[in-house]
$ cat target-v9.cif   # mmCIF, C-alpha atoms
data_input
loop_
_atom_site.label_atom_id
_atom_site.label_comp_id
_atom_site.auth_asym_id
_atom_site.auth_seq_id
_atom_site.Cartn_x
_atom_site.Cartn_y
_atom_site.Cartn_z
CA MET A 1 56.40 118.48 -59.18
CA GLN A 2 56.96 115.17 -57.40
CA THR A 3 54.48 114.42 -54.67
CA LYS A 4 55.77 114.49 -51.09
CA ILE A 5 56.49 111.12 -49.48
CA THR A 6 57.40 110.30 -45.90
CA PHE A 7 58.94 107.09 -44.69
CA ILE A 8 60.88 105.49 -41.85
CA HIS A 9 64.33 104.07 -42.48
CA ALA A 10 65.37 101.45 -39.91
CA ALA A 11 67.84 98.58 -39.91
CA ASP A 12 69.44 95.94 -37.72
CA LEU A 13 66.48 95.22 -35.47
CA HIS A 14 68.09 91.90 -34.42
CA LEU A 15 64.79 90.62 -33.06
CA ASP A 16 65.16 88.01 -30.33
CA SER A 17 68.83 88.78 -29.66
CA GLN A 18 69.52 86.75 -26.49
CA MET A 19 72.22 88.96 -24.95
CA ASP A 20 73.43 85.83 -23.17
CA GLY A 21 76.43 87.30 -21.35
CA LEU A 22 74.36 90.05 -19.75
CA THR A 23 71.37 87.92 -18.84
CA VAL A 24 73.56 85.30 -17.15
CA ALA A 25 75.36 87.96 -15.13
CA HIS A 26 72.22 89.93 -14.23
CA PRO A 27 69.18 87.65 -13.83
CA ASN A 28 67.04 90.50 -12.48
CA MET A 29 67.29 92.20 -15.87
CA LYS A 30 67.00 89.01 -17.94
CA SER A 31 63.38 89.46 -19.00
CA ARG A 32 63.78 93.17 -19.73
CA LEU A 33 66.93 92.62 -21.77
CA GLN A 34 65.52 89.77 -23.84
CA GLU A 35 62.31 91.68 -24.54
CA SER A 36 64.06 94.93 -25.43
CA THR A 37 64.30 94.31 -29.19
CA PHE A 38 60.57 93.49 -29.36
CA LEU A 39 59.65 96.60 -27.36
CA SER A 40 61.76 98.72 -29.70
CA LEU A 41 59.88 97.21 -32.67
CA LYS A 42 56.58 98.24 -31.06
CA LYS A 43 57.90 101.79 -30.67
CA LEU A 44 58.91 101.75 -34.34
CA VAL A 45 55.39 100.76 -35.38
CA GLN A 46 53.81 103.40 -33.15
CA CYS A 47 56.12 106.08 -34.57
CA ALA A 48 55.08 105.14 -38.12
CA ILE A 49 51.40 105.37 -37.17
CA ASP A 50 51.76 108.65 -35.26
CA GLU A 51 53.68 110.26 -38.14
CA ASN A 52 51.31 108.80 -40.77
CA VAL A 53 54.20 107.69 -42.98
CA ASP A 54 53.74 106.19 -46.42
CA PHE A 55 56.04 103.21 -45.87
CA ILE A 56 58.84 101.69 -43.80
CA LEU A 57 62.22 100.48 -45.07
CA LEU A 58 63.86 97.69 -43.04
CA ALA A 59 67.42 97.45 -44.36
CA GLY A 60 68.56 94.01 -43.25
CA ASP A 61 69.26 91.99 -40.11
CA ILE A 62 65.66 92.23 -38.99
CA PHE A 63 66.31 88.98 -37.13
CA ASP A 64 69.36 88.05 -35.07
CA SER A 65 69.82 84.73 -36.86
CA ASN A 66 68.94 82.93 -40.08
CA ARG A 67 67.16 80.38 -37.86
CA GLN A 68 64.43 82.68 -36.62
CA SER A 69 62.40 81.80 -33.56
CA LEU A 70 58.64 81.58 -33.99
CA LYS A 71 58.38 84.41 -31.46
CA ALA A 72 60.43 86.72 -33.68
CA LEU A 73 58.55 85.75 -36.86
CA VAL A 74 55.17 86.33 -35.22
CA ALA A 75 56.31 89.65 -33.73
CA LEU A 76 57.23 90.95 -37.19
CA ARG A 77 54.02 89.60 -38.73
CA GLU A 78 51.85 91.26 -36.08
CA ALA A 79 53.77 94.53 -36.46
CA CYS A 80 53.11 94.46 -40.20
CA ARG A 81 49.42 93.69 -39.65
CA GLU A 82 49.12 96.71 -37.38
CA LEU A 83 50.80 98.86 -40.03
CA GLN A 84 48.46 97.48 -42.70
CA LYS A 85 45.47 98.78 -40.73
CA HIS A 86 46.87 102.27 -41.24
CA GLY A 87 47.75 101.87 -44.92
CA ILE A 88 51.52 101.72 -44.33
CA GLU A 89 53.64 99.60 -46.69
CA VAL A 90 56.73 97.69 -45.49
CA TYR A 91 59.82 96.90 -47.61
CA ILE A 92 62.17 94.25 -46.24
CA GLN A 93 65.60 93.01 -47.20
CA TYR A 94 67.54 90.33 -45.32
CA GLY A 95 71.16 90.83 -44.24
CA ASN A 96 74.16 88.74 -43.25
CA HIS A 97 72.64 87.70 -39.90
CA ASP A 98 69.21 86.64 -41.19
CA PHE A 99 70.22 85.55 -44.70
CA ILE A 100 67.53 83.52 -46.47
CA GLY A 101 69.17 80.29 -47.53
CA GLN A 102 65.62 79.02 -47.10
CA GLN A 103 62.64 81.34 -47.03
CA PRO A 104 61.34 81.78 -43.44
CA ILE A 105 58.11 79.86 -42.77
CA MET A 106 55.82 82.82 -42.29
CA SER A 107 53.01 84.42 -44.25
CA TYR A 108 53.05 88.22 -44.08
CA PRO A 109 50.14 90.53 -44.98
CA GLU A 110 49.84 92.12 -48.43
CA ASN A 111 51.46 95.39 -47.36
CA VAL A 112 54.81 93.58 -46.97
CA HIS A 113 57.25 93.51 -49.89
CA ILE A 114 60.33 91.30 -49.51
CA PHE A 115 63.48 91.23 -51.64
CA THR A 116 63.98 87.51 -52.07
CA SER A 117 67.26 87.08 -53.97
CA GLU A 118 70.79 88.47 -54.29
CA LYS A 119 69.83 89.98 -57.62
CA VAL A 120 68.84 93.64 -57.25
CA GLU A 121 65.05 93.94 -57.62
CA THR A 122 62.67 96.91 -57.72
CA PHE A 123 59.29 97.57 -56.11
CA LEU A 124 57.14 100.46 -57.31
CA TYR A 125 55.38 102.42 -54.58
CA LYS A 126 52.19 104.19 -55.63
CA LYS A 127 50.59 107.10 -53.81
CA ASN A 128 47.04 108.09 -54.61
CA GLY A 129 47.14 105.60 -57.45
CA GLU A 130 50.17 107.18 -59.13
CA PRO A 131 53.80 105.91 -59.16
CA ALA A 132 55.73 107.86 -56.52
CA ALA A 133 58.91 105.91 -55.72
CA ALA A 134 61.02 103.06 -57.04
CA ILE A 135 62.54 101.09 -54.17
CA HIS A 136 65.55 98.97 -55.12
CA GLY A 137 67.25 96.26 -53.06
CA PHE A 138 68.38 92.67 -52.59
CA SER A 139 68.68 90.11 -49.81
CA TYR A 140 71.56 87.95 -48.65
CA THR A 141 71.07 84.26 -49.44
CA THR A 142 74.41 83.39 -47.78
CA ARG A 143 76.27 84.93 -44.88
CA HIS A 144 78.80 86.76 -47.05
CA ILE A 145 78.60 88.72 -50.30
CA LYS A 146 81.94 89.76 -51.78
CA SER A 147 80.64 91.22 -55.05
CA LYS A 148 79.99 94.93 -55.53
CA LYS A 149 76.20 94.95 -55.48
CA ALA A 150 76.17 98.75 -55.70
CA LEU A 151 77.07 98.48 -59.40
CA GLU A 152 73.82 96.60 -60.11
CA TYR A 153 71.45 99.41 -59.08
CA GLN A 154 69.81 101.38 -61.90
CA ALA A 155 67.18 104.10 -61.92
CA ILE A 156 64.03 103.12 -63.82
CA GLY A 157 62.51 106.42 -64.95
CA THR A 158 61.81 110.07 -64.36
CA GLY A 159 59.29 111.88 -62.22
CA ILE A 160 59.53 109.46 -59.30
CA TYR A 161 61.87 109.13 -56.34
CA GLU A 162 64.62 106.53 -56.62
CA ILE A 163 65.49 104.87 -53.30
CA GLY A 164 68.20 102.25 -52.78
CA MET A 165 68.29 99.78 -49.90
CA LEU A 166 71.71 98.24 -49.26
CA HIS A 167 72.90 96.13 -46.34
CA GLY A 168 76.68 96.37 -46.53
CA SER A 169 79.88 98.13 -45.58
CA LEU A 170 82.26 100.65 -47.05
CA ALA A 171 84.92 98.92 -49.16
CA THR A 172 88.42 98.76 -47.68
CA GLY A 173 90.13 96.94 -50.53
CA GLY A 174 91.08 94.06 -48.23
CA ALA A 175 89.95 90.65 -47.05
CA ALA A 176 87.32 92.26 -44.78
CA ASP A 177 85.20 93.20 -47.81
CA ILE A 178 82.66 90.40 -47.40
CA TYR A 179 79.47 92.39 -46.80
CA ALA A 180 78.45 93.79 -50.21
CA PRO A 181 81.30 96.36 -50.19
CA PHE A 182 80.62 99.75 -51.77
CA SER A 183 82.05 103.25 -52.09
CA VAL A 184 80.15 106.49 -51.61
CA ASP A 185 81.00 107.53 -55.19
CA GLU A 186 79.46 104.31 -56.53
CA LEU A 187 76.20 105.10 -54.75
CA LYS A 188 76.21 108.72 -55.88
CA ARG A 189 76.65 107.74 -59.52
CA THR A 190 73.27 105.99 -59.50
CA GLY A 191 71.52 109.35 -59.24
CA PHE A 192 69.24 108.02 -56.50
CA ASP A 193 67.40 110.38 -54.15
CA TYR A 194 68.07 108.40 -50.96
CA TRP A 195 70.22 105.45 -49.90
CA ALA A 196 68.86 103.42 -46.97
CA LEU A 197 71.83 101.50 -45.57
CA GLY A 198 72.05 98.76 -42.97
CA HIS A 199 74.74 96.60 -41.27
CA ILE A 200 76.67 99.21 -39.25
CA HIS A 201 75.17 99.66 -35.79
CA LYS A 202 76.46 103.20 -35.37
CA ARG A 203 74.32 106.02 -36.73
CA GLU A 204 76.16 107.81 -39.53
CA ILE A 205 75.40 110.02 -42.52
CA LEU A 206 77.95 109.24 -45.23
CA SER A 207 76.61 111.88 -47.61
CA GLU A 208 74.00 114.63 -47.45
CA GLN A 209 73.60 115.11 -51.22
CA PRO A 210 72.19 112.62 -51.87
CA PRO A 211 71.48 111.28 -48.39
CA ILE A 212 73.45 108.05 -47.83
CA VAL A 213 72.52 106.98 -44.34
CA TYR A 214 73.17 104.36 -41.68
CA PRO A 215 70.43 104.68 -39.03
CA GLY A 216 72.25 102.28 -36.65
CA ASN A 217 70.34 99.59 -34.79
CA ILE A 218 67.13 100.26 -32.89
CA GLN A 219 68.31 98.65 -29.62
CA GLY A 220 71.86 98.39 -28.28
CA ARG A 221 73.02 94.89 -27.35
CA HIS A 222 76.28 95.44 -25.44
CA ARG A 223 78.52 98.14 -23.94
CA LYS A 224 80.05 99.14 -27.28
CA GLU A 225 76.63 100.09 -28.68
CA THR A 226 76.11 103.14 -26.50
CA GLY A 227 73.77 106.10 -26.72
CA GLU A 228 70.38 106.58 -28.29
CA LYS A 229 69.29 103.98 -30.83
CA GLY A 230 66.46 104.33 -33.31
CA CYS A 231 65.46 105.20 -36.85
CA TYR A 232 65.22 108.10 -39.28
CA LEU A 233 61.93 109.73 -40.20
CA VAL A 234 62.48 110.94 -43.78
CA GLU A 235 60.52 113.37 -45.95
CA LEU A 236 61.27 113.71 -49.65
CA LYS A 237 59.68 116.70 -51.38
CA GLY A 238 61.02 117.47 -54.82
CA GLN A 239 64.76 118.04 -54.50
CA SER A 240 64.68 118.51 -50.73
CA CYS A 241 65.12 115.88 -48.03
CA THR A 242 64.39 116.30 -44.33
CA MET A 243 65.63 113.67 -41.87
CA THR A 244 64.71 113.46 -38.19
CA PHE A 245 66.23 110.91 -35.84
CA VAL A 246 63.71 109.14 -33.60
CA SER A 247 64.88 107.34 -30.46
CA LEU A 248 63.41 103.85 -30.09
CA GLN A 249 65.57 101.88 -27.63
CA ASP A 250 63.94 100.30 -24.61
CA LEU A 251 67.25 100.05 -22.74
CA ARG A 252 70.19 102.34 -23.29
CA PHE A 253 73.83 101.21 -23.00
CA GLU A 254 76.28 103.77 -21.63
CA GLU A 255 79.82 103.99 -20.29
CA VAL A 256 80.33 106.19 -17.22
CA VAL A 257 83.33 107.27 -15.14
CA PHE A 258 83.49 107.25 -11.34
CA ALA A 259 86.50 109.06 -9.88
CA ILE A 260 87.24 107.86 -6.35
CA GLU A 261 88.82 110.35 -3.99
CA GLU A 262 92.05 109.37 -2.27
CA GLY A 263 91.52 107.85 1.16
CA SER A 264 87.81 107.10 0.67
CA ALA A 265 86.46 104.17 2.63
CA LEU A 266 84.68 101.45 0.69
CA TYR A 267 81.33 102.19 2.37
CA GLU A 268 81.68 105.86 1.35
CA VAL A 269 82.34 104.83 -2.24
CA GLU A 270 79.24 102.61 -2.20
CA LYS A 271 77.05 105.51 -0.98
CA THR A 272 78.46 107.86 -3.61
CA LEU A 273 77.85 105.24 -6.30
CA MET A 274 74.21 104.94 -5.22
CA ASP A 275 73.84 108.73 -5.46
CA LEU A 276 75.43 108.69 -8.91
CA CYS A 277 72.96 106.02 -10.05
CA GLN A 278 70.11 108.47 -9.44
CA LYS A 279 71.92 111.06 -11.55
CA TRP A 280 72.65 108.58 -14.34
CA GLU A 281 69.06 107.29 -14.39
CA LYS A 282 67.80 110.83 -14.73
CA ALA A 283 70.15 111.38 -17.67
CA PHE A 284 69.71 108.05 -19.48
CA GLY A 285 66.45 106.51 -18.30
CA ALA A 286 66.46 102.72 -18.30
CA ALA A 287 70.10 101.83 -18.94
CA VAL A 288 72.83 99.22 -18.74
CA LEU A 289 76.07 100.80 -17.57
CA HIS A 290 79.77 100.01 -17.74
CA VAL A 291 81.56 101.84 -14.92
CA THR A 292 85.20 102.89 -15.15
CA PHE A 293 86.65 103.37 -11.67
CA GLN A 294 89.44 105.95 -11.55
CA GLY A 295 91.77 106.40 -8.59
CA LEU A 296 95.13 105.62 -7.03
CA ALA A 297 96.56 102.20 -7.83
CA HIS A 298 97.31 101.04 -4.29
CA GLN A 299 93.64 101.47 -3.35
CA LEU A 300 91.80 100.40 -6.50
CA ILE A 301 93.98 97.42 -7.35
CA GLY A 302 93.78 96.19 -3.78
CA TRP A 303 89.99 96.34 -3.85
CA GLU A 304 89.92 94.61 -7.22
CA GLN A 305 92.18 91.78 -6.04
CA GLU A 306 89.88 91.22 -3.08
CA ASP A 307 86.76 91.29 -5.36
CA ARG A 308 85.47 94.31 -3.43
CA LEU A 309 84.53 96.27 -6.58
CA GLU A 310 82.49 93.41 -8.01
CA GLU A 311 80.82 92.91 -4.62
CA MET A 312 79.97 96.62 -4.49
CA LEU A 313 78.36 96.51 -7.94
CA ASP A 314 76.24 93.53 -6.87
CA ILE A 315 75.10 95.36 -3.73
CA VAL A 316 74.24 98.54 -5.64
CA ASN A 317 72.35 96.52 -8.26
CA GLU A 318 70.32 94.79 -5.54
CA GLN A 319 69.49 98.14 -3.93
CA GLN A 320 68.56 99.63 -7.30
CA HIS A 321 66.27 96.70 -8.01
CA SER A 322 64.56 96.89 -4.61
CA LEU A 323 63.96 100.63 -5.06
CA GLY A 324 62.46 100.14 -8.51
CA GLY A 325 65.43 101.67 -10.29
CA GLN A 326 65.90 101.19 -14.01
CA LEU A 327 69.69 100.91 -14.04
CA VAL A 328 71.96 97.90 -13.95
CA LEU A 329 75.71 98.22 -13.43
CA ALA A 330 76.68 95.43 -15.80
CA SER A 331 80.48 95.63 -15.81
CA TYR A 332 83.44 97.70 -14.75
CA SER A 333 87.06 98.46 -15.51
CA VAL A 334 89.83 100.15 -13.54
CA GLN A 335 92.00 103.11 -14.50
CA ALA A 336 94.54 103.21 -11.71
CA SER A 337 97.15 105.94 -11.48
CA LEU A 338 100.52 105.11 -9.95
CA GLU A 339 102.03 107.30 -7.25
CA VAL A 340 105.25 107.49 -9.20
CA ASP A 341 106.86 109.82 -11.73
CA GLN A 342 106.74 107.72 -14.89
CA GLU A 343 109.26 109.97 -16.68
CA GLN A 344 111.83 109.31 -13.94
CA LEU A 345 110.97 105.61 -14.05
CA LEU A 346 111.60 105.44 -17.79
CA GLU A 347 115.11 106.90 -17.28
CA ARG A 348 116.07 103.85 -15.23
CA SER A 349 117.59 100.79 -16.88
CA ASP A 350 116.20 98.11 -14.58
CA PHE A 351 113.50 95.48 -15.05
CA THR A 352 110.69 97.73 -13.80
CA ALA A 353 111.47 100.37 -16.44
CA ALA A 354 111.67 97.69 -19.13
CA LEU A 355 108.24 96.39 -18.13
CA LEU A 356 106.73 99.86 -18.48
CA THR A 357 107.92 100.13 -22.07
CA THR A 358 106.93 96.60 -23.12
CA ALA A 359 104.20 96.56 -25.75
CA TYR A 360 102.17 93.37 -25.49
CA GLN A 361 99.77 93.22 -28.45
CA PRO A 362 96.08 92.16 -28.60
CA ASP A 363 96.94 89.27 -30.96
CA GLU A 364 99.34 87.86 -28.35
CA MET A 365 96.64 88.28 -25.72
CA ARG A 366 94.22 86.29 -27.89
CA LYS A 367 96.70 83.41 -28.06
CA SER A 368 97.01 83.49 -24.29
CA LEU A 369 93.21 83.30 -23.97
CA ASP A 370 92.77 80.45 -26.47
CA GLU A 371 92.40 77.74 -23.83
CA LEU A 372 89.86 79.77 -21.88
CA MET A 373 87.84 80.52 -25.02
CA ARG A 374 87.66 76.79 -25.82
CA ASN A 375 85.87 76.16 -22.54
CA ARG A 376 82.17 75.55 -23.25
CA GLN A 377 80.95 77.02 -19.96
CA PHE A 378 82.96 80.21 -20.45
CA ARG A 379 81.61 80.65 -24.00
CA LYS A 380 78.09 80.83 -22.59
CA ILE A 381 79.13 84.08 -20.96
CA LYS A 382 81.68 85.46 -23.42
CA GLN A 383 81.98 84.68 -27.13
CA SER A 384 84.99 86.86 -27.96
CA TYR A 385 86.99 89.90 -26.92
CA SER A 386 87.28 93.07 -28.98
CA ASP A 387 90.63 94.85 -29.44
CA GLY A 388 89.41 97.53 -27.04
CA GLU A 389 88.59 95.01 -24.31
CA LEU A 390 91.94 93.26 -24.78
CA GLN A 391 93.75 96.60 -24.53
CA GLU A 392 91.91 97.38 -21.28
CA MET A 393 92.97 94.04 -19.79
CA LEU A 394 96.56 94.60 -20.90
CA GLU A 395 96.64 98.04 -19.30
CA GLU A 396 95.16 96.73 -16.04
CA ALA A 397 97.69 93.88 -16.00
CA LYS A 398 100.59 96.28 -16.55
CA GLN A 399 99.39 98.57 -13.77
CA LEU A 400 99.02 95.64 -11.38
CA LEU A 401 102.53 94.35 -12.18
CA LEU A 402 104.10 97.78 -11.80
CA GLN A 403 102.32 98.42 -8.51
CA THR A 404 103.48 95.04 -7.18
CA LEU A 405 107.08 95.64 -8.27
CA LEU A 406 107.18 99.12 -6.81
CA GLU A 407 105.83 97.84 -3.49
CA VAL A 408 108.64 95.28 -3.40
CA GLU A 409 111.19 98.04 -4.04
#
$ encode --input "target-v9.cif" --output "structure tokens"
Amino acid sequence: MQTKITFIHAADLHLDSQMDGLTVAHPNMKSRLQESTFLSLKKLVQCAIDENVDFILLAGDIFDSNRQSLKALVALREACRELQKHGIEVYIQYGNHDFIGQQPIMSYPENVHIFTSEKVETFLYKKNGEPAAAIHGFSYTTRHIKSKKALEYQAIGTGIYEIGMLHGSLATGGAADIYAPFSVDELKRTGFDYWALGHIHKREILSEQPPIVYPGNIQGRHRKETGEKGCYLVELKGQSCTMTFVSLQDLRFEEVVFAIEEGSALYEVEKTLMDLCQKWEKAFGAAVLHVTFQGLAHQLIGWEQEDRLEEMLDIVNEQQHSLGGQLVLASYSVQASLEVDQEQLLERSDFTAALLTTAYQPDEMRKSLDELMRNRQFRKIKQSYSDGELQEMLEEAKQLLLQTLLEVE
């Protein structure tokens, strides 16, 4: 019977991610945010030691860039040295962010095994002097890989575990297939016992037999990377596989909703928001929050136009900081409801009804924002807008226009 092995599967550490937009907007959290990826790495190392694992798999994008800072390189080296003291091996592949056009200038300890080319290679892991697992993988040497690397993986023998490491994305059949595209069937046909995936920052199990797994990243970097972030602790014992998710993030990103009662005064809303912060901190711990304000349009939109909502977030953040709180309210959006029957409005044939039915698309919004995005100072804060963010802005703009038109009527 095959000997039991235990290992940690992690990916997308993005060490030294600068999180520029957040740190510019919230200087009080700058140090904590910029150190968060390193603190998550330390938690990863401690988890491996506490669980006495055999090895760690790091499935790509260990660094945030292919031009790694010395700080990031040293952090990984010291992590590996600590693991070496406990007899834990480390297997590393580089992804599309930290592709190795030139090998990083760093000497790692002997327990570190790095896939150094785009050709699939194999390392043999031995336990108690006997072969126990074949670990297959490759590294990006350029930012994009369009070929189907999954077809290059081959099992090497019997009586040992076969583990594949692959930094890539599910094939779509389109132009977006530039990150070593694969299908689940292609991976299953290899007969491997476990597939350690990287690249997608959302935790997902694509298959249970055999396990084909995205662990997600170990530390969220913006509001769309919400929830717990971490790694999988994996045990292979014969034909069985046990996986346990381990939370590693130093700061958690979350989106929360704050429903404002009709007629509330601004100072009452501020007090309620402070009370909610205590509740949110108890639920999430140290966290970066995006707040969605819900309420009637005439009140919310008026406050937004006068910058009252932004001012309130700044005040609450200052109070949180002075009280030693671990939350920062990083951003907000507005969901304003109109005091109007939209069905009746749609039956009209005037300009206001036409505006309500107009569908302005995210691509058109991008064109409108082109000039702003070309501004160097603005790009320090915001690199791009996702479709979701554009849709939010479009909805807020429509609500503001409708409210204005209805007030004129």
$ resolve_selection --input "target-v9.cif" --expression "the PyMOL selection byres ((chain A and resi 238) around 7)" --output "PDB file with C-alpha atoms, in the frame of the given file"
ATOM      1  CA  MET A   1      56.400 118.480 -59.180  1.00  0.00           C
ATOM      2  CA  GLN A   2      56.960 115.170 -57.400  1.00  0.00           C
ATOM      3  CA  LEU A 236      61.270 113.710 -49.650  1.00  0.00           C
ATOM      4  CA  LYS A 237      59.680 116.700 -51.380  1.00  0.00           C
ATOM      5  CA  GLN A 239      64.760 118.040 -54.500  1.00  0.00           C
ATOM      6  CA  SER A 240      64.680 118.510 -50.730  1.00  0.00           C
TER       7      SER A 240
END
$ closest_atom_pairs --input "target-v9.cif" --of "range 99-164 of chain A" --to "range 185-197 of chain A" --cutoff "7 Å" --atoms "all atoms listed in the file" --output "CSV"
residue,atom,partner,partner_atom,distance
A:Ala150,CA,A:Leu187,CA,6.4
A:Leu151,CA,A:Glu186,CA,6.9
A:Tyr153,CA,A:Thr190,CA,6.8
A:Gln154,CA,A:Thr190,CA,6.2
A:Ala155,CA,A:Thr190,CA,6.8
A:Tyr161,CA,A:Asp193,CA,6.1
A:Glu162,CA,A:Phe192,CA,4.9
A:Ile163,CA,A:Tyr194,CA,5.0
A:Gly164,CA,A:Trp195,CA,4.8
$ residues_around --input "target-v9.cif" --residues "Ser183 in chain A" --least-positions-apart "6" --cutoff "12 Å" --atoms "only C-alpha atoms" --output "VMD selection string"
chain A and resid 148 to 151 166 168 to 173 177 189 to 190 206 to 207 212
$ resolve_selection --input "target-v9.cif" --expression "the PyMOL selection byres ((chain A and resi 120) around 9)" --output "PDB file with C-alpha atoms, in the frame of the given file"
ATOM      1  CA  PHE A 115      63.480  91.230 -51.640  1.00  0.00           C
ATOM      2  CA  SER A 117      67.260  87.080 -53.970  1.00  0.00           C
ATOM      3  CA  GLU A 118      70.790  88.470 -54.290  1.00  0.00           C
ATOM      4  CA  LYS A 119      69.830  89.980 -57.620  1.00  0.00           C
ATOM      5  CA  GLU A 121      65.050  93.940 -57.620  1.00  0.00           C
ATOM      6  CA  THR A 122      62.670  96.910 -57.720  1.00  0.00           C
ATOM      7  CA  HIS A 136      65.550  98.970 -55.120  1.00  0.00           C
ATOM      8  CA  GLY A 137      67.250  96.260 -53.060  1.00  0.00           C
ATOM      9  CA  PHE A 138      68.380  92.670 -52.590  1.00  0.00           C
ATOM     10  CA  SER A 139      68.680  90.110 -49.810  1.00  0.00           C
ATOM     11  CA  LYS A 149      76.200  94.950 -55.480  1.00  0.00           C
ATOM     12  CA  GLU A 152      73.820  96.600 -60.110  1.00  0.00           C
ATOM     13  CA  TYR A 153      71.450  99.410 -59.080  1.00  0.00           C
TER      14      TYR A 153
END
$ atom_distance --input "target-v9.cif" --atom1 "CA of Ile62 in chain A" --atom2 "CA of Leu13 in chain A"
4.7 Å
$ resolve_selection --input "target-v9.cif" --expression "the PyMOL selection byres ((chain A and resi 7) around 9)" --output "PyMOL selection string"
chain A and resi 5-6+8-9+48+51-57+232-236
$ closest_residue --input "target-v9.cif" --among "A:Ile178, A:Cys277, A:Val246, A:Ala397" --to "Ile301 in chain A" --atoms "all atoms listed in the file"
A:Ala397
$ closest_residue --input "target-v9.cif" --among "A:Ile135, A:Cys231, A:Met19, A:Leu323" --to "Val45 in chain A" --atoms "only C-alpha atoms"
A:Cys231
$ residues_around --input "target-v9.cif" --residues "Leu266 in chain A" --least-positions-apart "5" --cutoff "9 Å" --atoms "only C-alpha atoms" --output "short mmCIF file (atom, residue, chain, number, x, y, z; two decimals) with C-alpha atoms, in the frame of the given file"
data_model
loop_
_atom_site.label_atom_id
_atom_site.label_comp_id
_atom_site.auth_asym_id
_atom_site.auth_seq_id
_atom_site.Cartn_x
_atom_site.Cartn_y
_atom_site.Cartn_z
CA LYS A 271 77.05 105.51 -0.98
CA TRP A 303 89.99 96.34 -3.85
CA ARG A 308 85.47 94.31 -3.43
CA LEU A 309 84.53 96.27 -6.58
CA MET A 312 79.97 96.62 -4.49
#
$ residues_around --input "target-v9.cif" --residues "range 258-260 of chain A" --least-positions-apart "4" --cutoff "9 Å" --atoms "all atoms listed in the file" --output "PyMOL selection string"
chain A and resi 264+269+273+276+291-296+300
$ atom_distance --input "target-v9.cif" --atom1 "CA of Gln93 in chain A" --atom2 "CA of Ile114 in chain A"
6.0 Å
$ atom_distance --input "target-v9.cif" --atom1 "CA of Gly60 in chain A" --atom2 "CA of Ala132 in chain A"
23.1 Å
$ closest_residue --input "target-v9.cif" --among "A:Gly324, A:Gly220, A:Gly302, A:Pro210" --to "Ala336 in chain A" --atoms "only C-alpha atoms"
A:Gly302
$ residues_near_point --input "target-v9.cif" --point "(70.0, 98.8, -15.4)" --cutoff "10 Å" --atoms "all atoms listed in the file" --output "JSON, numbers by chain"
{"A": [26, 28, 29, 32, 33, 251, 252, 253, 277, 281, 285, 286, 287, 288, 289, 317, 320, 321, 325, 326, 327, 328, 329, 330]}
$ residues_near_point --input "target-v9.cif" --point "(62.7, 93.7, -40.3)" --cutoff "12 Å" --atoms "all atoms listed in the file" --output "ChimeraX atom specification"
/A:9-16,37-38,40-42,44-45,56-65,68,72-80,90-95,97-99,108,112-115,139,198,217-218
$ closest_residue --input "target-v9.cif" --among "A:Lys229, A:Lys30, A:Arg366, A:His290" --to "Val256 in chain A" --atoms "all atoms listed in the file"
A:His290
$ closest_residue --input "target-v9.cif" --among "A:Tyr332, A:Asp50, A:Glu35, A:Gln219" --to "Asp307 in chain A" --atoms "all atoms listed in the file"
A:Tyr332
$ closest_residue --input "target-v9.cif" --among "A:Val316, A:Ala265, A:Val257, A:Ala134" --to "Gly157 in chain A" --atoms "all atoms listed in the file"
A:Ala134
